[in-house]
Amino acid sequence: MPLLNDRTALVTGAASGIGAAIVARLSADGATVLAVDRDEAGLKALADTVPGIEQIVCDLSDPAAVDALPAEVDVLVNNAGIQHVAPIQDFDPDRFALILRLMLETPFRLVRRVLPHMYERGWGRVVNVSSAHGHRASPFKVAYVSAKHGLEGMSKVVALEGAAHGVTSNCLSPGYVRTPLVEKQIDDQARAHGISRDAVLEQVLLVQQAVKRLVEPSEVAELAAVLYGPAGASITGASLSMDGGWTAR
């Protein structure tokens, strides 16, 4: 039998990058996958490569829309995120609030929504896509760093409350992943500093990492599969690093 036969998974930020890779892996493992994103075209393109997924177009920064998403979910992957870079004194408070709403409040609302179903079935897996920035700070990323630190804390609380009900909750904490969001950062940094993309990787993004390469989305999906697979039954309240040694410093 497939690993996740008779299980339903919901993945946010599913249209590209890490989310799309996790959708593909969940589908390959037999899950019914609800792919949630505001990017309708991206979801349609994903469905062409991963047939059988359910596409749900949703603005995940809208609390009412989030609260209307399906609740009968066995594997929840909180992945959606955005980035904004600016010094604190120039950081737009509305942008700060948006990032916290999307990347911390929305995962809370989704966990709150799906836990009753997980508790009833006596089994559930919450996988929160965090970041090395959930453990380390970088200048000019106050909202992103705050959101990821908060996500790490929320995940631990869910782990403690869910353990008696067969529910685990963990974070995946990669370094820089080859996603559209990171590719845009590379291009922006190259223009801002007047240097090549390779120089941006070596001198800016990967300077803290011992392993000087971007993480591939498929690698994050493989680690997610550990958490929802048999080997993850006793892994809970953890944050699994995939950051090339960044947080080893």
# chains A, B, ... in the order shown; residues from 1 in each chain; ligands from 1
call {"tool": "closest_atom_pairs", "arguments": {"of": "stretch 14-35 of chain A", "to": "stretch 73-78 of chain A", "cutoff": "12 Å", "atoms": "only C-alpha atoms", "output": "Markdown table"}}
result
| residue | atom | partner | partner_atom | distance |
| --- | --- | --- | --- | --- |
| A:Ala14 | CA | A:Val77 | CA | 9.4 |
| A:Ile18 | CA | A:Val77 | CA | 10.4 |
| A:Gly19 | CA | A:Val77 | CA | 8.3 |
| A:Ala20 | CA | A:Val77 | CA | 11.3 |
| A:Ala21 | CA | A:Val77 | CA | 11.7 |
| A:Ile22 | CA | A:Val77 | CA | 8.5 |
| A:Val23 | CA | A:Val77 | CA | 9.4 |
| A:Leu26 | CA | A:Val75 | CA | 9.3 |
| A:Ser27 | CA | A:Val75 | CA | 11.9 |
| A:Ala31 | CA | A:Val75 | CA | 8.9 |
| A:Thr32 | CA | A:Val73 | CA | 9.5 |
| A:Val33 | CA | A:Val75 | CA | 9.2 |
| A:Leu34 | CA | A:Val73 | CA | 9.0 |
| A:Ala35 | CA | A:Val77 | CA | 10.0 |
call {"tool": "write_last_selection", "arguments": {"atoms": "C-alpha atoms", "output": "short mmCIF file (atom, residue, chain, number, x, y, z; two decimals), in the first residue's frame"}}
result
data_model
loop_
_atom_site.label_atom_id
_atom_site.label_comp_id
_atom_site.auth_asym_id
_atom_site.auth_seq_id
_atom_site.Cartn_x
_atom_site.Cartn_y
_atom_site.Cartn_z
CA ALA A 14 2.24 25.08 -3.35
CA ILE A 18 9.59 24.06 -1.91
CA GLY A 19 5.81 23.79 -1.90
CA ALA A 20 5.64 22.30 -5.39
CA ALA A 21 8.37 19.79 -4.56
CA ILE A 22 6.56 18.67 -1.40
CA VAL A 23 3.27 18.38 -3.32
CA LEU A 26 3.21 13.67 -1.14
CA SER A 27 1.37 12.68 -4.30
CA ALA A 31 -1.75 11.21 -0.47
CA THR A 32 -4.72 13.17 -1.72
CA VAL A 33 -3.06 16.58 -2.03
CA LEU A 34 -4.75 19.95 -1.64
CA ALA A 35 -2.40 22.47 -3.26
#
call {"tool": "residues_around", "arguments": {"residues": "A:Val158", "least_positions_apart": "2", "cutoff": "10 Å", "atoms": "only C-alpha atoms", "output": "list in words"}}
result
Phe108, Val111, Arg112, Leu115, Val126, Gly153, Met154, Ser155, Lys156, Leu160, Glu161, Gly162, Ala163, Val167, Thr168, Ser169, Asn170, Thr236 and Gly237 of chain A
call {"tool": "atom_distance", "arguments": {"atom1": "atom CA of A:Ala248", "atom2": "atom CA of A:Ser173"}}
result
12.8 Å
call {"tool": "select_by_dssp", "arguments": {"residues": "stretch 208-247 of chain A", "states": "alpha helix (DSSP H)", "output": "PyMOL selection string"}}
result
chain A and resi 217-228
call {"tool": "select_by_dssp", "arguments": {"residues": "stretch 9-246 of chain A", "states": "strand (DSSP E)", "output": "VMD selection string"}}
result
chain A and resid 9 to 12 32 to 37 54 to 57 75 to 78 124 to 129 167 to 174 239 to 242
call {"tool": "residues_around", "arguments": {"residues": "A:Ala41", "least_positions_apart": "6", "cutoff": "10 Å", "atoms": "only C-alpha atoms", "output": "number ranges by chain"}}
result
A: 15, 47, 57
call {"tool": "closest_residue", "arguments": {"among": "A:Ala45, A:Val142, A:Ala190, A:Val50", "to": "A:Ala28", "atoms": "only C-alpha atoms"}}
result
A:Val50
call {"tool": "residues_around", "arguments": {"residues": "A:Val215", "least_positions_apart": "3", "cutoff": "8 Å", "atoms": "only C-alpha atoms", "output": "PyMOL selection string"}}
result
chain A and resi 174-178+219-220+242-243
call {"tool": "write_last_selection", "arguments": {"atoms": "C-alpha atoms", "output": "CSV table (one decimal), in the first residue's frame"}}
result
chain,number,residue,atom,x,y,z
A,174,PRO,CA,16.8,25.1,5.3
A,175,GLY,CA,19.3,27.7,4.3
A,176,TYR,CA,18.9,29.4,1.0
A,177,VAL,CA,16.9,27.2,-1.4
A,178,ARG,CA,16.7,27.5,-5.1
A,219,GLU,CA,16.0,17.9,-0.9
A,220,VAL,CA,13.6,19.7,1.4
A,242,MET,CA,19.4,21.7,6.2
A,243,ASP,CA,21.5,24.9,6.1
call {"tool": "atom_distance", "arguments": {"atom1": "atom CA of A:Arg38", "atom2": "atom CA of A:Arg109"}}
result
17.2 Å
call {"tool": "atom_distance", "arguments": {"atom1": "atom CA of A:Met103", "atom2": "atom CA of A:Ala80"}}
result
6.7 Å
call {"tool": "residues_around", "arguments": {"residues": "A:Lys212", "least_positions_apart": "4", "cutoff": "10 Å", "atoms": "only C-alpha atoms", "output": "count of residues only"}}
result
9
call {"tool": "closest_residue", "arguments": {"among": "A:Ala24, A:Ala238, A:Val129, A:Val85", "to": "A:Asp48", "atoms": "only C-alpha atoms"}}
result
A:Ala24
call {"tool": "closest_residue", "arguments": {"among": "A:Asp37, A:Asp29, A:Asp90, A:Glu72", "to": "A:Leu102", "atoms": "only C-alpha atoms"}}
result
A:Asp37
call {"tool": "closest_residue", "arguments": {"among": "A:Gly81, A:Pro217, A:Gly229, A:Gly42", "to": "A:Pro107", "atoms": "only C-alpha atoms"}}
result
A:Gly81
call {"tool": "residues_around", "arguments": {"residues": "A:Gly134", "least_positions_apart": "4", "cutoff": "8 Å", "atoms": "only C-alpha atoms", "output": "PyMOL selection string"}}
result
chain A and resi 130+145-152+173
call {"tool": "closest_residue", "arguments": {"among": "A:Met118, A:Val36, A:Leu98, A:Leu69", "to": "A:Ile82", "atoms": "only C-alpha atoms"}}
result
A:Leu98
call {"tool": "decode", "arguments": {"residues": "stretch 155-234 of chain A", "atoms": "C-alpha atoms", "output": "PDB file, in the first residue's frame"}}
result
ATOM      1  CA  SER A 155       5.528  24.291  16.286  1.00  0.00           C
ATOM      2  CA  LYS A 156       6.864  23.225  19.684  1.00  0.00           C
ATOM      3  CA  VAL A 157       3.591  24.078  21.412  1.00  0.00           C
ATOM      4  CA  VAL A 158       1.650  22.037  18.843  1.00  0.00           C
ATOM      5  CA  ALA A 159       4.074  19.158  19.447  1.00  0.00           C
ATOM      6  CA  LEU A 160       3.441  19.195  23.198  1.00  0.00           C
ATOM      7  CA  GLU A 161      -0.324  19.452  22.896  1.00  0.00           C
ATOM      8  CA  GLY A 162      -0.623  16.953  20.052  1.00  0.00           C
ATOM      9  CA  ALA A 163       1.590  14.165  21.365  1.00  0.00           C
ATOM     10  CA  ALA A 164      -1.180  12.443  23.340  1.00  0.00           C
ATOM     11  CA  HIS A 165      -3.319  12.392  20.181  1.00  0.00           C
ATOM     12  CA  GLY A 166      -0.790  10.867  17.769  1.00  0.00           C
ATOM     13  CA  VAL A 167       0.093  14.217  16.212  1.00  0.00           C
ATOM     14  CA  THR A 168       3.660  15.354  15.591  1.00  0.00           C
ATOM     15  CA  SER A 169       4.784  18.882  14.751  1.00  0.00           C
ATOM     16  CA  ASN A 170       8.197  19.849  13.446  1.00  0.00           C
ATOM     17  CA  CYS A 171      10.049  22.494  11.501  1.00  0.00           C
ATOM     18  CA  LEU A 172      12.261  22.123   8.472  1.00  0.00           C
ATOM     19  CA  SER A 173      14.971  24.780   8.574  1.00  0.00           C
ATOM     20  CA  PRO A 174      16.830  25.058   5.278  1.00  0.00           C
ATOM     21  CA  GLY A 175      19.330  27.689   4.311  1.00  0.00           C
ATOM     22  CA  TYR A 176      18.926  29.408   0.973  1.00  0.00           C
ATOM     23  CA  VAL A 177      16.870  27.216  -1.356  1.00  0.00           C
ATOM     24  CA  ARG A 178      16.748  27.491  -5.135  1.00  0.00           C
ATOM     25  CA  THR A 179      13.263  29.030  -5.285  1.00  0.00           C
ATOM     26  CA  PRO A 180      11.796  31.957  -7.244  1.00  0.00           C
ATOM     27  CA  LEU A 181      11.976  34.062  -4.061  1.00  0.00           C
ATOM     28  CA  VAL A 182      15.720  33.417  -3.661  1.00  0.00           C
ATOM     29  CA  GLU A 183      16.437  33.767  -7.380  1.00  0.00           C
ATOM     30  CA  LYS A 184      14.868  37.237  -7.221  1.00  0.00           C
ATOM     31  CA  GLN A 185      17.055  38.109  -4.214  1.00  0.00           C
ATOM     32  CA  ILE A 186      20.141  37.069  -6.162  1.00  0.00           C
ATOM     33  CA  ASP A 187      19.168  39.246  -9.114  1.00  0.00           C
ATOM     34  CA  ASP A 188      18.342  42.221  -6.852  1.00  0.00           C
ATOM     35  CA  GLN A 189      21.627  41.902  -4.954  1.00  0.00           C
ATOM     36  CA  ALA A 190      23.609  41.615  -8.192  1.00  0.00           C
ATOM     37  CA  ARG A 191      22.076  44.855  -9.480  1.00  0.00           C
ATOM     38  CA  ALA A 192      22.432  46.666  -6.151  1.00  0.00           C
ATOM     39  CA  HIS A 193      26.107  45.743  -5.699  1.00  0.00           C
ATOM     40  CA  GLY A 194      27.105  45.738  -9.359  1.00  0.00           C
ATOM     41  CA  ILE A 195      28.445  42.184  -9.124  1.00  0.00           C
ATOM     42  CA  SER A 196      27.697  38.872 -10.814  1.00  0.00           C
ATOM     43  CA  ARG A 197      25.133  36.337  -9.601  1.00  0.00           C
ATOM     44  CA  ASP A 198      27.969  33.957  -8.691  1.00  0.00           C
ATOM     45  CA  ALA A 199      29.585  36.689  -6.618  1.00  0.00           C
ATOM     46  CA  VAL A 200      26.295  37.284  -4.805  1.00  0.00           C
ATOM     47  CA  LEU A 201      26.174  33.618  -3.850  1.00  0.00           C
ATOM     48  CA  GLU A 202      29.790  33.528  -2.672  1.00  0.00           C
ATOM     49  CA  GLN A 203      30.033  36.927  -0.998  1.00  0.00           C
ATOM     50  CA  VAL A 204      26.500  37.563   0.280  1.00  0.00           C
ATOM     51  CA  LEU A 205      24.034  34.684   0.531  1.00  0.00           C
ATOM     52  CA  LEU A 206      26.312  31.748   1.294  1.00  0.00           C
ATOM     53  CA  VAL A 207      28.997  33.501   3.277  1.00  0.00           C
ATOM     54  CA  GLN A 208      27.790  31.931   6.571  1.00  0.00           C
ATOM     55  CA  GLN A 209      27.458  28.423   5.142  1.00  0.00           C
ATOM     56  CA  ALA A 210      30.208  25.829   5.185  1.00  0.00           C
ATOM     57  CA  VAL A 211      28.630  24.082   2.183  1.00  0.00           C
ATOM     58  CA  LYS A 212      28.678  26.670  -0.589  1.00  0.00           C
ATOM     59  CA  ARG A 213      25.606  25.720  -2.604  1.00  0.00           C
ATOM     60  CA  LEU A 214      21.887  26.384  -2.685  1.00  0.00           C
ATOM     61  CA  VAL A 215      19.577  23.720  -1.323  1.00  0.00           C
ATOM     62  CA  GLU A 216      17.353  22.156  -3.978  1.00  0.00           C
ATOM     63  CA  PRO A 217      13.575  22.085  -3.318  1.00  0.00           C
ATOM     64  CA  SER A 218      13.544  18.318  -3.857  1.00  0.00           C
ATOM     65  CA  GLU A 219      15.960  17.904  -0.939  1.00  0.00           C
ATOM     66  CA  VAL A 220      13.551  19.716   1.376  1.00  0.00           C
ATOM     67  CA  ALA A 221      10.741  17.474   0.139  1.00  0.00           C
ATOM     68  CA  GLU A 222      12.806  14.392   0.981  1.00  0.00           C
ATOM     69  CA  LEU A 223      13.294  15.641   4.539  1.00  0.00           C
ATOM     70  CA  ALA A 224       9.569  16.381   4.825  1.00  0.00           C
ATOM     71  CA  ALA A 225       8.922  12.767   3.823  1.00  0.00           C
ATOM     72  CA  VAL A 226      10.959  11.610   6.809  1.00  0.00           C
ATOM     73  CA  LEU A 227       8.656  13.557   9.115  1.00  0.00           C
ATOM     74  CA  TYR A 228       5.384  12.206   7.729  1.00  0.00           C
ATOM     75  CA  GLY A 229       6.800   8.709   7.182  1.00  0.00           C
ATOM     76  CA  PRO A 230       7.315   5.844   9.656  1.00  0.00           C
ATOM     77  CA  ALA A 231      10.677   7.192  10.848  1.00  0.00           C
ATOM     78  CA  GLY A 232       8.982  10.388  12.043  1.00  0.00           C
ATOM     79  CA  ALA A 233       6.701   8.832  14.635  1.00  0.00           C
ATOM     80  CA  SER A 234       8.908   9.935  17.543  1.00  0.00           C
TER      81      SER A 234
END
